[in-house]
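Below is the file entry.txt, which contains compact mmCIF, C-alpha atoms (C1' of nucleotides).
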```
# COMPACT_ATOMS: atom_id res chain seq x y z
CA MET A 1 21.36 65.87 -28.07
CA ASP A 2 22.71 64.30 -24.97
CA CYS A 3 26.07 62.71 -25.22
CA SER A 4 27.63 62.13 -21.88
CA ASP A 5 31.24 62.62 -21.04
CA ALA A 6 31.65 58.90 -20.52
CA ASP A 7 30.42 58.18 -24.03
CA LEU A 8 33.02 60.48 -25.45
CA ASP A 9 35.69 59.03 -23.19
CA THR A 10 35.14 55.51 -24.42
CA ALA A 11 34.65 56.52 -28.05
CA PHE A 12 37.81 58.60 -28.25
CA ALA A 13 39.78 56.07 -26.22
CA ALA A 14 38.63 53.31 -28.53
CA LEU A 15 39.85 55.29 -31.54
CA ALA A 16 43.18 56.11 -29.95
CA ASP A 17 44.58 52.72 -30.86
CA PRO A 18 45.71 52.09 -34.46
CA THR A 19 44.70 48.45 -34.36
CA ARG A 20 41.17 49.41 -33.39
CA ARG A 21 41.00 52.14 -36.02
CA ALA A 22 42.08 49.61 -38.61
CA ILE A 23 39.38 47.24 -37.42
CA VAL A 24 36.78 49.98 -37.65
CA SER A 25 37.97 50.87 -41.14
CA ARG A 26 37.80 47.26 -42.14
CA LEU A 27 34.26 46.93 -40.82
CA LEU A 28 33.19 49.90 -42.85
CA LEU A 29 33.34 47.74 -45.94
CA ASN A 30 31.39 44.80 -44.63
CA ASP A 31 30.74 42.68 -41.59
CA ALA A 32 33.46 40.24 -40.60
CA THR A 33 34.15 37.46 -38.17
CA VAL A 34 36.63 37.75 -35.34
CA GLY A 35 39.03 35.54 -37.26
CA ASP A 36 38.74 37.69 -40.38
CA LEU A 37 39.49 40.79 -38.37
CA ALA A 38 42.45 39.22 -36.61
CA GLN A 39 44.09 37.89 -39.75
CA PRO A 40 46.00 41.05 -40.84
CA PHE A 41 47.54 41.64 -37.44
CA ASP A 42 50.71 40.24 -36.01
CA MET A 43 49.25 39.53 -32.62
CA SER A 44 47.35 36.79 -30.88
CA LEU A 45 43.69 36.17 -31.46
CA ALA A 46 43.09 36.84 -27.79
CA ALA A 47 44.56 40.31 -28.17
CA VAL A 48 42.23 41.09 -31.06
CA SER A 49 39.36 39.70 -29.06
CA LYS A 50 40.17 42.19 -26.34
CA HIS A 51 40.22 45.05 -28.83
CA LEU A 52 36.81 43.95 -30.05
CA ALA A 53 35.56 43.90 -26.48
CA ILE A 54 36.74 47.49 -26.07
CA LEU A 55 35.04 48.53 -29.30
CA THR A 56 31.88 46.77 -28.17
CA ARG A 57 31.95 48.40 -24.76
CA ALA A 58 32.35 51.77 -26.49
CA GLY A 59 29.32 50.92 -28.61
CA LEU A 60 31.25 51.21 -31.85
CA ILE A 61 30.55 47.68 -32.94
CA SER A 62 28.09 44.95 -32.12
CA GLN A 63 28.80 41.24 -32.13
CA ASN A 64 26.44 38.50 -33.07
CA ARG A 65 27.14 34.80 -32.72
CA GLU A 66 26.05 32.74 -35.67
CA GLY A 67 26.89 29.09 -35.38
CA ARG A 68 30.43 28.82 -34.31
CA VAL A 69 31.58 32.13 -35.74
CA LYS A 70 30.91 35.56 -34.35
CA TRP A 71 30.10 38.36 -36.74
CA CYS A 72 31.11 41.90 -36.01
CA ARG A 73 29.22 44.84 -37.39
CA LEU A 74 30.15 48.49 -37.29
CA ASN A 75 27.65 50.64 -35.46
CA ILE A 76 28.06 53.75 -37.54
CA ASP A 77 25.76 55.97 -35.54
CA SER A 78 27.83 55.43 -32.44
CA LEU A 79 30.57 57.67 -33.80
CA ARG A 80 28.26 60.60 -34.24
CA PRO A 81 28.52 62.07 -30.73
CA ALA A 82 32.28 62.24 -31.03
CA ALA A 83 32.05 63.62 -34.54
CA ILE A 84 29.60 66.24 -33.39
CA TRP A 85 31.85 67.17 -30.52
CA MET A 86 34.63 67.86 -32.97
CA GLU A 87 32.45 69.81 -35.33
CA ALA A 88 32.28 72.46 -32.66
CA PHE A 89 35.86 73.27 -33.49
CA GLY A 90 35.32 74.86 -36.74
CA SER A 91 34.86 74.51 -40.35
CA PHE A 92 34.87 70.79 -40.74
CA ASP A 93 32.28 70.55 -43.43
CA ALA A 94 30.60 67.22 -43.82
CA ALA A 95 32.62 64.38 -45.28
CA ASP A 96 34.98 65.79 -47.81
CA LEU A 97 35.81 62.84 -49.98
CA ASP A 98 38.98 64.31 -51.42
CA ALA A 99 40.34 65.04 -48.00
CA LEU A 100 39.37 61.58 -46.86
CA GLU A 101 41.12 59.97 -49.77
CA ALA A 102 44.26 61.97 -49.15
CA LEU A 103 44.12 61.10 -45.50
CA LEU A 104 43.70 57.40 -46.03
CA GLU A 105 46.49 57.28 -48.59
CA ASP A 106 48.80 59.20 -46.31
CA THR A 107 48.22 57.18 -43.22
CA GLY A 108 48.33 53.74 -44.72
CA ASN A 109 45.29 53.16 -42.61
CA ALA A 110 42.92 52.31 -45.38
CA PRO A 111 41.13 49.02 -45.36
CA SER A 112 41.93 46.49 -48.04
CA PRO A 113 39.63 47.06 -50.97
CA ASP A 114 39.46 43.44 -52.11
CA ARG A 115 36.87 41.11 -50.56
CA MET B 1 48.70 66.98 -45.82
CA ASP B 2 51.18 64.95 -43.82
CA CYS B 3 49.24 63.14 -41.17
CA SER B 4 50.60 59.87 -39.94
CA ASP B 5 48.96 57.18 -37.93
CA ALA B 6 50.83 58.46 -34.91
CA ASP B 7 49.15 61.85 -35.34
CA LEU B 8 45.75 60.22 -35.05
CA ASP B 9 46.95 58.18 -32.08
CA THR B 10 48.00 61.22 -30.13
CA ALA B 11 45.03 63.31 -31.21
CA PHE B 12 42.42 60.74 -30.22
CA ALA B 13 44.29 59.82 -27.07
CA ALA B 14 44.45 63.49 -26.12
CA LEU B 15 40.70 63.80 -26.56
CA ALA B 16 39.95 60.65 -24.60
CA ASP B 17 40.33 62.48 -21.29
CA PRO B 18 37.49 64.71 -20.07
CA THR B 19 39.85 67.16 -18.42
CA ARG B 20 41.68 67.68 -21.68
CA ARG B 21 38.45 68.01 -23.64
CA ALA B 22 37.33 70.66 -21.17
CA ILE B 23 40.62 72.47 -21.63
CA VAL B 24 40.24 72.35 -25.38
CA SER B 25 36.68 73.64 -25.12
CA ARG B 26 37.85 76.42 -22.87
CA LEU B 27 40.56 77.44 -25.31
CA LEU B 28 38.01 77.66 -28.06
CA LEU B 29 36.74 80.84 -26.42
CA ASN B 30 40.09 82.54 -26.12
CA ASP B 31 43.70 82.01 -25.19
CA ALA B 32 44.44 81.41 -21.53
CA THR B 33 47.31 80.98 -19.15
CA VAL B 34 48.14 77.70 -17.47
CA GLY B 35 46.77 79.07 -14.22
CA ASP B 36 43.52 80.12 -15.87
CA LEU B 37 43.10 76.69 -17.33
CA ALA B 38 43.84 74.94 -14.06
CA GLN B 39 41.46 77.02 -11.97
CA PRO B 40 38.22 75.09 -12.65
CA PHE B 41 39.71 71.71 -11.85
CA ASP B 42 40.01 70.01 -8.52
CA MET B 43 43.53 68.82 -9.10
CA SER B 44 47.04 70.07 -8.69
CA LEU B 45 48.63 72.54 -11.05
CA ALA B 46 51.22 69.93 -11.88
CA ALA B 47 48.51 67.56 -13.08
CA VAL B 48 47.07 70.22 -15.37
CA SER B 49 50.56 71.00 -16.57
CA LYS B 50 50.91 67.37 -17.58
CA HIS B 51 47.64 67.48 -19.47
CA LEU B 52 48.85 70.56 -21.30
CA ALA B 53 52.07 68.77 -22.17
CA ILE B 54 50.05 65.95 -23.66
CA LEU B 55 47.92 68.37 -25.65
CA THR B 56 51.07 70.10 -26.84
CA ARG B 57 52.73 66.85 -27.84
CA ALA B 58 49.59 65.98 -29.79
CA GLY B 59 49.84 69.35 -31.52
CA LEU B 60 46.41 70.44 -30.32
CA ILE B 61 47.69 73.48 -28.50
CA SER B 62 50.77 75.65 -28.55
CA GLN B 63 52.30 77.37 -25.56
CA ASN B 64 54.05 80.70 -25.52
CA ARG B 65 55.85 82.16 -22.54
CA GLU B 66 55.22 85.82 -21.95
CA GLY B 67 56.93 87.15 -18.91
CA ARG B 68 56.22 84.84 -16.06
CA VAL B 69 52.98 83.66 -17.55
CA LYS B 70 52.55 81.02 -20.24
CA TRP B 71 49.77 81.45 -22.72
CA CYS B 72 48.06 78.51 -24.32
CA ARG B 73 46.42 78.69 -27.71
CA LEU B 74 44.25 76.15 -29.42
CA ASN B 75 45.65 74.94 -32.69
CA ILE B 76 42.38 74.33 -34.48
CA ASP B 77 43.85 72.88 -37.64
CA SER B 78 45.44 70.09 -35.66
CA LEU B 79 42.01 68.58 -35.03
CA ARG B 80 41.26 68.35 -38.69
CA PRO B 81 42.81 64.96 -39.46
CA ALA B 82 40.93 63.33 -36.60
CA ALA B 83 37.73 65.15 -37.52
CA ILE B 84 38.00 64.03 -41.12
CA TRP B 85 38.70 60.49 -40.06
CA MET B 86 35.60 60.46 -37.88
CA GLU B 87 33.28 62.21 -40.23
CA ALA B 88 34.03 59.54 -42.74
CA PHE B 89 32.21 57.17 -40.40
CA GLY B 90 29.96 59.42 -38.40
CA SER B 91 28.29 61.26 -41.22
CA PHE B 92 27.86 58.70 -43.94
CA ASP B 93 24.53 57.10 -44.28
CA ALA B 94 24.06 53.80 -46.03
CA ALA B 95 23.95 55.31 -49.50
CA ASP B 96 27.09 57.30 -48.95
CA LEU B 97 28.82 54.19 -47.70
CA ASP B 98 28.57 52.70 -51.15
CA ALA B 99 30.19 55.81 -52.54
CA LEU B 100 32.97 55.58 -50.01
CA GLU B 101 33.60 51.96 -50.78
CA ALA B 102 33.70 52.74 -54.47
CA LEU B 103 36.17 55.49 -53.77
CA LEU B 104 38.43 53.22 -51.78
CA GLU B 105 38.36 50.57 -54.46
CA ASP B 106 39.11 53.23 -57.02
CA THR B 107 42.39 54.16 -55.39
CA GLY B 108 43.44 50.57 -55.92
CA ASN B 109 46.60 50.76 -53.86
CA ALA B 110 45.07 50.91 -50.45
CA PRO B 111 47.40 49.03 -48.10
CA SER B 112 46.38 46.58 -45.44
CA PRO B 113 45.97 47.70 -41.86
CA ASP B 114 49.29 47.97 -40.09
CA ARG B 115 50.53 46.25 -36.97
C1' DC C 1 31.78 9.91 -28.96
C1' DA C 2 36.14 12.06 -30.29
C1' DC C 3 37.93 15.70 -32.88
C1' DT C 4 38.61 20.14 -34.74
C1' DC C 5 37.60 24.99 -35.29
C1' DA C 6 36.42 29.69 -33.43
C1' DT C 7 36.48 32.41 -29.68
C1' DT C 8 36.95 33.71 -24.98
C1' DC C 9 38.68 33.42 -20.16
C1' DA C 10 42.28 33.61 -16.57
C1' DA C 11 46.55 34.63 -15.02
C1' DC C 12 50.32 37.10 -15.70
C1' DC C 13 53.56 40.92 -17.29
C1' DA C 14 55.63 45.49 -18.75
C1' DA C 15 54.64 49.96 -19.82
C1' DA C 16 51.77 54.03 -19.81
C1' DA C 17 48.23 57.09 -17.76
C1' DG C 18 46.74 60.10 -14.27
C1' DG C 19 47.28 61.70 -10.01
C1' DT C 20 50.07 63.34 -5.68
C1' DT C 21 53.84 66.08 -3.15
C1' DG C 22 57.96 68.76 -2.68
C1' DA C 23 61.86 71.03 -4.68
C1' DC C 24 63.37 74.03 -8.30
C1' DG C 25 64.06 77.82 -12.09
C1' DA C 26 62.39 81.95 -13.87
C1' DT C 27 60.12 86.26 -13.44
C1' DT C 28 58.14 90.27 -11.26
C1' DC C 29 57.86 93.66 -7.80
C1' DA C 30 58.42 96.05 -3.11
C1' DT D 1 68.15 92.06 -2.34
C1' DG D 2 64.38 89.37 -0.86
C1' DA D 3 59.87 87.61 -1.31
C1' DA D 4 55.92 86.21 -3.89
C1' DT D 5 54.07 84.13 -8.20
C1' DC D 6 53.90 80.93 -12.26
C1' DG D 7 54.92 76.85 -14.01
C1' DT D 8 57.70 72.59 -14.54
C1' DC D 9 60.48 68.66 -12.92
C1' DA D 10 61.43 64.49 -10.28
C1' DA D 11 60.06 60.86 -7.63
C1' DC D 12 56.54 58.12 -6.31
C1' DC D 13 51.97 55.61 -6.28
C1' DT D 14 47.88 53.20 -8.19
C1' DT D 15 45.09 51.86 -12.03
C1' DT D 16 44.61 50.94 -16.84
C1' DT D 17 46.25 49.34 -21.26
C1' DG D 18 47.96 46.17 -24.49
C1' DG D 19 50.12 42.23 -25.01
C1' DT D 20 51.38 37.12 -23.91
C1' DT D 21 50.28 32.04 -22.95
C1' DG D 22 47.54 28.07 -21.86
C1' DA D 23 43.20 26.21 -20.53
C1' DA D 24 38.19 26.32 -21.23
C1' DT D 25 33.82 26.80 -23.77
C1' DG D 26 30.70 26.06 -27.67
C1' DA D 27 29.51 24.44 -32.16
C1' DG D 28 29.93 21.76 -36.20
C1' DT D 29 31.91 17.23 -38.25
C1' DG D 30 33.58 12.28 -38.99
```
What's the C-alpha cells form of this structure?
Amino acid sequence: MDCSDADLDTAFAALADPTRRAIVSRLLLNDATVGDLAQPFDMSLAAVSKHLAILTRAGLISQNREGRVKWCRLNIDSLRPAAIWMEAFGSFDAADLDALEALLEDTGNAPSPDR
Amino acid sequence: MDCSDADLDTAFAALADPTRRAIVSRLLLNDATVGDLAQPFDMSLAAVSKHLAILTRAGLISQNREGRVKWCRLNIDSLRPAAIWMEAFGSFDAADLDALEALLEDTGNAPSPDR
DNA sequence: CACTCATTCAACCAAAAGGTTGACGATTCA
DNA sequence: TGAATCGTCAACCTTTTGGTTGAATGAGTG
C-alpha cells in the first residue's frame, strides 16, 4: 500500500478547510454542479471554484462537464490513504455510526438531508 | 463529545505537514523531548518548536516541562474526531453509503454547511 | 446573431504558513 | 559564580492560502 507523503499532504490540507469539508459532505449524498455546491456559501462563485480545484488536485473529487454545467463527484476511495494513516493511531474501529451521528450533530457540519 | 468545526480545522491542518506527521508518528512509539524530536530534521530547533506549538494548539500533543527538558506526549484521543470524520468517507462502500444517507435523513435536523 | 447562464481566468490583496537568525529565560552542573 | 544546555521569543523573509472583482470562455436559447 503505497501512499506518498505528497498524497497525504494534499488530502489533509484539502480537509483542513471547513468550506471544503462541507462540500465533501454535501457530495457524499449525491453529485452536484458547481452552482449547487456554491449556493449555501456566502462567498463568490470564483472562490468556490478555487476550492473545487483544490479538492480536484487532491484527488478527492472529479469534475465532468456536461453541457454547460459541470458535475462534481466525490471520489470516495481517495480518502482511504489518509484514513489508513490515522488508523495507525489506535482503536478507531471502522465507521461507528453512532459516533458519526454525534459528531455531525455537534459540529453543524452535516450536509442538508433534503434533495 | 464536544468537537467543533474548529477542532477539525486545527487537527487536519496539523496533519497536513509532513514534518508534523513524522513527529506524531515518532511520538506513537514513546514520549520524547523537543530535542529528540528535532534531531532527525534538517531544520532549526526553533522551526520544530513552532511545529510542536501547532500540534499543541491542535490538542494532538501535550508538553510537560521536567527540569530543563520538555517532554512531549501524543494525545491519541485528540485524533479521534478527525479519524471518525474520515472513516465516514474512507471506509464506506456504496451499500454503506445508503445507510449513511438514511441515517442523516433520520436525524432530520441536520443544518446546512456553514460559512 | 445576440443574449443569457455557468464556470473559470487573471490580477490583485491581506493574512497565515514555514522557515531563518539572534537574543533571551530557565535550568543544571563544575 | 560562571558556563553550558534546552527551548522559546521576536523580528524578518518568502511562499501559499483564501478571498475579492471584472473580464473571458463555452454552451444553450430566442
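Atom C1' of C:DC5 is positioned 13.8 Å from atom C1' of D:DG30.
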query = For chain A against chain D, which residues fall within 12 Å using all atoms listed in the file, given as number ranges by chain?
reply = A: 13-14, 16-20, 42-51, 54, 65-70
ask   = Please, what distance in Å, to one decimal, runs between atom CA of A:Asp9 and atom CA of A:Thr56?
value = 13.8 Å
inquiry  = Show me, as number ranges by chain, every residue of chain C with an atom at most 8 Å from chain B, counting only C-alpha atoms (C1' of nucleotides).
reply    = C: 18-20, 26-28
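Atom CA of B:Val24 sits 9.7 Å away from atom CA of B:Leu52.
Comparing the minimum interatomic distances between chain A and each of B:Val34, B:Ala58, B:Ile23, B:Ile76, counting only C-alpha atoms, we find that B:Ile76 sits nearest.
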ask   = Between B:Asn30, B:Ser4, B:Gln39, B:Ser25, which is the closest to chain A once you count all atoms listed in the file?
value = B:Ser4
Reconstruct N, CA and C atoms of stretch 38-57 of chain A; output as an mmCIF file, in the coordinates of the input.
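The resulting file, part-v8.cif, is shown below:
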```
data_model
loop_
_atom_site.group_PDB
_atom_site.id
_atom_site.type_symbol
_atom_site.label_atom_id
_atom_site.label_comp_id
_atom_site.auth_asym_id
_atom_site.auth_seq_id
_atom_site.Cartn_x
_atom_site.Cartn_y
_atom_site.Cartn_z
ATOM 1 N N ALA A 38 41.143 39.442 -37.229
ATOM 2 C CA ALA A 38 42.450 39.220 -36.610
ATOM 3 C C ALA A 38 43.530 38.941 -37.649
ATOM 4 N N GLN A 39 43.129 38.395 -38.773
ATOM 5 C CA GLN A 39 44.090 37.890 -39.750
ATOM 6 C C GLN A 39 45.212 38.882 -40.126
ATOM 7 N N PRO A 40 44.918 40.173 -40.379
ATOM 8 C CA PRO A 40 46.000 41.050 -40.840
ATOM 9 C C PRO A 40 47.020 41.397 -39.757
ATOM 10 N N PHE A 41 46.707 41.113 -38.518
ATOM 11 C CA PHE A 41 47.540 41.640 -37.440
ATOM 12 C C PHE A 41 48.522 40.609 -36.925
ATOM 13 N N ASP A 42 49.665 41.099 -36.540
ATOM 14 C CA ASP A 42 50.710 40.240 -36.010
ATOM 15 C C ASP A 42 50.577 40.170 -34.497
ATOM 16 N N MET A 43 49.444 39.683 -34.061
ATOM 17 C CA MET A 43 49.250 39.530 -32.620
ATOM 18 C C MET A 43 48.272 38.383 -32.402
ATOM 19 N N SER A 44 48.178 37.955 -31.157
ATOM 20 C CA SER A 44 47.350 36.790 -30.880
ATOM 21 C C SER A 44 45.883 37.082 -31.105
ATOM 22 N N LEU A 45 45.138 36.025 -31.311
ATOM 23 C CA LEU A 45 43.690 36.170 -31.460
ATOM 24 C C LEU A 45 43.081 36.741 -30.183
ATOM 25 N N ALA A 46 43.629 36.346 -29.060
ATOM 26 C CA ALA A 46 43.090 36.840 -27.790
ATOM 27 C C ALA A 46 43.240 38.359 -27.694
ATOM 28 N N ALA A 47 44.353 38.862 -28.205
ATOM 29 C CA ALA A 47 44.560 40.310 -28.170
ATOM 30 C C ALA A 47 43.511 41.019 -29.013
ATOM 31 N N VAL A 48 43.256 40.488 -30.201
ATOM 32 C CA VAL A 48 42.230 41.090 -31.060
ATOM 33 C C VAL A 48 40.873 40.997 -30.393
ATOM 34 N N SER A 49 40.624 39.877 -29.764
ATOM 35 C CA SER A 49 39.360 39.700 -29.060
ATOM 36 C C SER A 49 39.171 40.785 -28.000
ATOM 37 N N LYS A 50 40.256 41.122 -27.333
ATOM 38 C CA LYS A 50 40.170 42.190 -26.340
ATOM 39 C C LYS A 50 39.860 43.536 -26.989
ATOM 40 N N HIS A 51 40.513 43.795 -28.124
ATOM 41 C CA HIS A 51 40.220 45.050 -28.830
ATOM 42 C C HIS A 51 38.749 45.097 -29.216
ATOM 43 N N LEU A 52 38.228 43.976 -29.656
ATOM 44 C CA LEU A 52 36.810 43.950 -30.050
ATOM 45 C C LEU A 52 35.918 44.177 -28.838
ATOM 46 N N ALA A 53 36.345 43.664 -27.695
ATOM 47 C CA ALA A 53 35.560 43.900 -26.480
ATOM 48 C C ALA A 53 35.537 45.388 -26.148
ATOM 49 N N ILE A 54 36.676 46.050 -26.343
ATOM 50 C CA ILE A 54 36.740 47.490 -26.070
ATOM 51 C C ILE A 54 35.836 48.246 -27.034
ATOM 52 N N LEU A 55 35.890 47.872 -28.304
ATOM 53 C CA LEU A 55 35.040 48.530 -29.300
ATOM 54 C C LEU A 55 33.572 48.285 -28.986
ATOM 55 N N THR A 56 33.268 47.088 -28.509
ATOM 56 C CA THR A 56 31.880 46.770 -28.170
ATOM 57 C C THR A 56 31.437 47.583 -26.959
ATOM 58 N N ARG A 57 32.298 47.639 -25.954
ATOM 59 C CA ARG A 57 31.950 48.400 -24.760
ATOM 60 C C ARG A 57 31.738 49.878 -25.108
#
```
